[in-house]
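One structure is given here, and the rest of the page talks about it.
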Amino acid sequence: MIHVRHSAIAAVPLHVAFAYIDDYRTVPDWMFGVSEFRPIGEFDQGLESTFDAAIHIGPSTLRSRLEVTEWVQDRVITLASLDGAANSSTWEFTAHGEDKTEISVDFAYKLPGGLTGRALGLIVEPFVETAVKNTEATLRHNLEELYAKRAR
């Protein structure tokens, strides 16, 4: 598996950051390339909840089904693919005082072996790194803007 890790500090309390990321309805607002993220089944939050996602990569739209495989309130959320390209993302939350939260993400994915995998890696790896950095910047901006509006 290839891992891309990134972390940043948002000027919001931990519970605000966790609740925003944990709300499936906000995912297309901050996750780079995601145009659709909807629950499938009886749960829309927490362990074993399942989601269908549509992600735009260049001119293509990839569809994937994801399941929450780890969920601890205000600590961690892990999503793993159930079909399509093997991938997972783990979001961890750490309070830094009362009004700052470190949000760390570990995005992991597996490419096919051989020449196909190497060729795909040349395309996918730069996209993933850009997507993770863009996602973090957008997420932090949205969180801080949302929290500032609440504080008024």
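Labels used: A, B, ... for chains in the order of the structure tokens, numbers from 1 for residues in each chain, and numbers from 1 for ligands as shown.
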
For segment 2-101 of chain A versus segment 122-145 of chain A, which residues have an atom no more than 12 Å away, and what is each residue's nearest atom pair and distance in Å rounded to one decimal, using only C-alpha atoms, chain-then-number order, as JSON lines?
```
{"residue": "A:Ile2", "atom": "CA", "partner": "A:Glu125", "partner_atom": "CA", "distance": 8.8}
{"residue": "A:His3", "atom": "CA", "partner": "A:Val128", "partner_atom": "CA", "distance": 9.6}
{"residue": "A:Val4", "atom": "CA", "partner": "A:Glu129", "partner_atom": "CA", "distance": 6.6}
{"residue": "A:Arg5", "atom": "CA", "partner": "A:Val132", "partner_atom": "CA", "distance": 8.1}
{"residue": "A:His6", "atom": "CA", "partner": "A:Val132", "partner_atom": "CA", "distance": 7.2}
{"residue": "A:Ser7", "atom": "CA", "partner": "A:Glu136", "partner_atom": "CA", "distance": 7.7}
{"residue": "A:Ala8", "atom": "CA", "partner": "A:Glu136", "partner_atom": "CA", "distance": 7.3}
{"residue": "A:Ile9", "atom": "CA", "partner": "A:Arg140", "partner_atom": "CA", "distance": 7.7}
{"residue": "A:Ala10", "atom": "CA", "partner": "A:Arg140", "partner_atom": "CA", "distance": 5.4}
{"residue": "A:Ala11", "atom": "CA", "partner": "A:Glu144", "partner_atom": "CA", "distance": 6.0}
{"residue": "A:Val12", "atom": "CA", "partner": "A:Glu144", "partner_atom": "CA", "distance": 6.2}
{"residue": "A:Pro13", "atom": "CA", "partner": "A:Leu143", "partner_atom": "CA", "distance": 9.8}
{"residue": "A:Leu14", "atom": "CA", "partner": "A:Leu143", "partner_atom": "CA", "distance": 10.7}
{"residue": "A:His15", "atom": "CA", "partner": "A:Leu143", "partner_atom": "CA", "distance": 11.2}
{"residue": "A:Val16", "atom": "CA", "partner": "A:Leu143", "partner_atom": "CA", "distance": 7.8}
{"residue": "A:Ala17", "atom": "CA", "partner": "A:Leu143", "partner_atom": "CA", "distance": 6.6}
{"residue": "A:Phe18", "atom": "CA", "partner": "A:Leu143", "partner_atom": "CA", "distance": 10.0}
{"residue": "A:Ala19", "atom": "CA", "partner": "A:Leu143", "partner_atom": "CA", "distance": 10.2}
{"residue": "A:Tyr20", "atom": "CA", "partner": "A:Leu143", "partner_atom": "CA", "distance": 7.4}
{"residue": "A:Ile21", "atom": "CA", "partner": "A:Leu139", "partner_atom": "CA", "distance": 8.5}
{"residue": "A:Thr26", "atom": "CA", "partner": "A:Leu139", "partner_atom": "CA", "distance": 9.7}
{"residue": "A:Val27", "atom": "CA", "partner": "A:Leu139", "partner_atom": "CA", "distance": 9.3}
{"residue": "A:Pro28", "atom": "CA", "partner": "A:Thr135", "partner_atom": "CA", "distance": 10.2}
{"residue": "A:Asp29", "atom": "CA", "partner": "A:Leu139", "partner_atom": "CA", "distance": 8.2}
{"residue": "A:Trp30", "atom": "CA", "partner": "A:Leu139", "partner_atom": "CA", "distance": 5.1}
{"residue": "A:Met31", "atom": "CA", "partner": "A:Thr135", "partner_atom": "CA", "distance": 5.1}
{"residue": "A:Phe32", "atom": "CA", "partner": "A:Thr135", "partner_atom": "CA", "distance": 5.2}
{"residue": "A:Gly33", "atom": "CA", "partner": "A:Ala131", "partner_atom": "CA", "distance": 7.6}
{"residue": "A:Val34", "atom": "CA", "partner": "A:Thr135", "partner_atom": "CA", "distance": 10.1}
{"residue": "A:Ile55", "atom": "CA", "partner": "A:Ala131", "partner_atom": "CA", "distance": 11.1}
{"residue": "A:His56", "atom": "CA", "partner": "A:Ala131", "partner_atom": "CA", "distance": 11.0}
{"residue": "A:Ile57", "atom": "CA", "partner": "A:Phe127", "partner_atom": "CA", "distance": 8.2}
{"residue": "A:Gly58", "atom": "CA", "partner": "A:Phe127", "partner_atom": "CA", "distance": 9.4}
{"residue": "A:Ala85", "atom": "CA", "partner": "A:Val124", "partner_atom": "CA", "distance": 11.5}
{"residue": "A:Asn87", "atom": "CA", "partner": "A:Val128", "partner_atom": "CA", "distance": 11.3}
{"residue": "A:Ser89", "atom": "CA", "partner": "A:Val132", "partner_atom": "CA", "distance": 10.4}
{"residue": "A:Trp91", "atom": "CA", "partner": "A:Glu136", "partner_atom": "CA", "distance": 11.0}
{"residue": "A:Asp99", "atom": "CA", "partner": "A:Glu144", "partner_atom": "CA", "distance": 10.4}
{"residue": "A:Lys100", "atom": "CA", "partner": "A:Glu144", "partner_atom": "CA", "distance": 10.0}
{"residue": "A:Thr101", "atom": "CA", "partner": "A:Arg140", "partner_atom": "CA", "distance": 9.9}
```

May I have the residues from that selection written out with C-alpha atoms, as a short mmCIF file (atom, residue, chain, number, x, y, z; two decimals), in the first residue's frame?
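Listing of part-v3.cif after writing:
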```
data_model
loop_
_atom_site.label_atom_id
_atom_site.label_comp_id
_atom_site.auth_asym_id
_atom_site.auth_seq_id
_atom_site.Cartn_x
_atom_site.Cartn_y
_atom_site.Cartn_z
CA ILE A 2 1.09 3.53 -0.75
CA HIS A 3 0.45 6.08 2.02
CA VAL A 4 0.05 9.84 1.82
CA ARG A 5 -0.03 11.50 5.23
CA HIS A 6 -0.87 15.08 6.08
CA SER A 7 -1.84 17.04 9.17
CA ALA A 8 -2.85 20.59 10.01
CA ILE A 9 -4.29 22.54 12.89
CA ALA A 10 -7.72 24.14 12.56
CA ALA A 11 -8.76 26.95 14.88
CA VAL A 12 -11.89 25.14 16.10
CA PRO A 13 -12.70 22.95 19.11
CA LEU A 14 -12.22 19.21 18.65
CA HIS A 15 -15.94 18.36 18.82
CA VAL A 16 -16.68 20.85 16.01
CA ALA A 17 -14.02 19.38 13.72
CA PHE A 18 -15.11 15.80 14.37
CA ALA A 19 -18.83 16.51 13.90
CA TYR A 20 -18.22 18.30 10.58
CA ILE A 21 -16.05 15.53 9.12
CA THR A 26 -20.53 17.87 4.19
CA VAL A 27 -18.07 15.52 2.42
CA PRO A 28 -18.60 16.91 -1.13
CA ASP A 29 -18.00 20.43 0.29
CA TRP A 30 -14.45 19.67 1.42
CA MET A 31 -13.18 16.41 -0.10
CA PHE A 32 -11.31 17.11 -3.33
CA GLY A 33 -13.01 15.59 -6.37
CA VAL A 34 -15.98 14.09 -4.48
CA ILE A 55 -15.03 11.00 -7.37
CA HIS A 56 -13.96 13.04 -10.39
CA ILE A 57 -10.39 12.43 -11.53
CA GLY A 58 -9.71 14.40 -14.69
CA ALA A 85 -9.52 0.38 -6.25
CA ASN A 87 -8.03 2.43 -0.62
CA SER A 89 -8.46 6.97 4.76
CA TRP A 91 -8.79 10.76 10.06
CA ASP A 99 -10.10 26.01 20.49
CA LYS A 100 -7.60 24.24 18.22
CA THR A 101 -7.66 20.76 16.73
#
```

**Request:** Could you give me, as a ChimeraX atom specification, the residues within 6 Å of Ala54 of chain A, counting only C-alpha atoms and dropping anything in the same chain fewer than 3 positions from it?
**Result:** /A:34-36,62-63

**Request:** Rank A:Ala108, A:Met1, A:Ile77, A:Leu115 by their smallest atom-to-atom distance to Phe93 of chain A, using only C-alpha atoms, and report the top residue only.
**Result:** A:Ile77

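Among the candidate residues A:Ala148, A:Asp22, A:Ser88, A:Ala119, the one lying nearest to Arg75 of chain A is A:Asp22, with distances computed using only C-alpha atoms.
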
**Prompt:** Which distance in Å separates atom CA of Asp52 of chain A and atom CA of Ser81 of chain A, to one decimal?
**Reply:**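 Going from atom CA of Asp52 of chain A over to atom CA of Ser81 of chain A, I get 9.7 Å.
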
**Prompt:** Could you write out, as a count of residues only, all the residues of segment 61-112 of chain A that DSSP marks as strand (DSSP E or B)?
**Reply:** 36

**Prompt:** Expressed in Å to a single decimal, how great is the separation between atom CA of Val72 of chain A and atom CA of Asp23 of chain A?
**Reply:** 14.1 Å

**Message:** Applying 9 Å and only C-alpha atoms, which residues near Tyr24 of chain A remain after dropping the ones on its own chain fewer than 5 positions away? List them as a PyMOL selection string.
**Reply:** chain A and resi 37-39+44-45+51

**Item:** A:Ser60, A:Val105, A:Ala151, A:Pro112 ranked by distance to Leu79 of chain A, top pick (using only C-alpha atoms)
**Value:**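 Of A:Ser60, A:Val105, A:Ala151, A:Pro112, the one nearest Leu79 of chain A is A:Val105, counting only C-alpha atoms.
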
**Message:** List the spatial neighbours of Glu67 of chain A as a list in words - criterion: any atom at most 9 Å away, only C-alpha atoms, same-chain residues fewer than 6 positions off excluded.
**Reply:**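 Those residues are Leu47, Glu48, Ser49, Thr50, Phe51, Thr78, Leu79, Ala80, Ser81 and Leu82 of chain A.
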
**Request:** Please report, as a PyMOL selection string, each residue of segment 58-133 of chain A to which DSSP assigns alpha helix (DSSP H) when run on this structure's backbone.
**Result:** chain A and resi 114-133
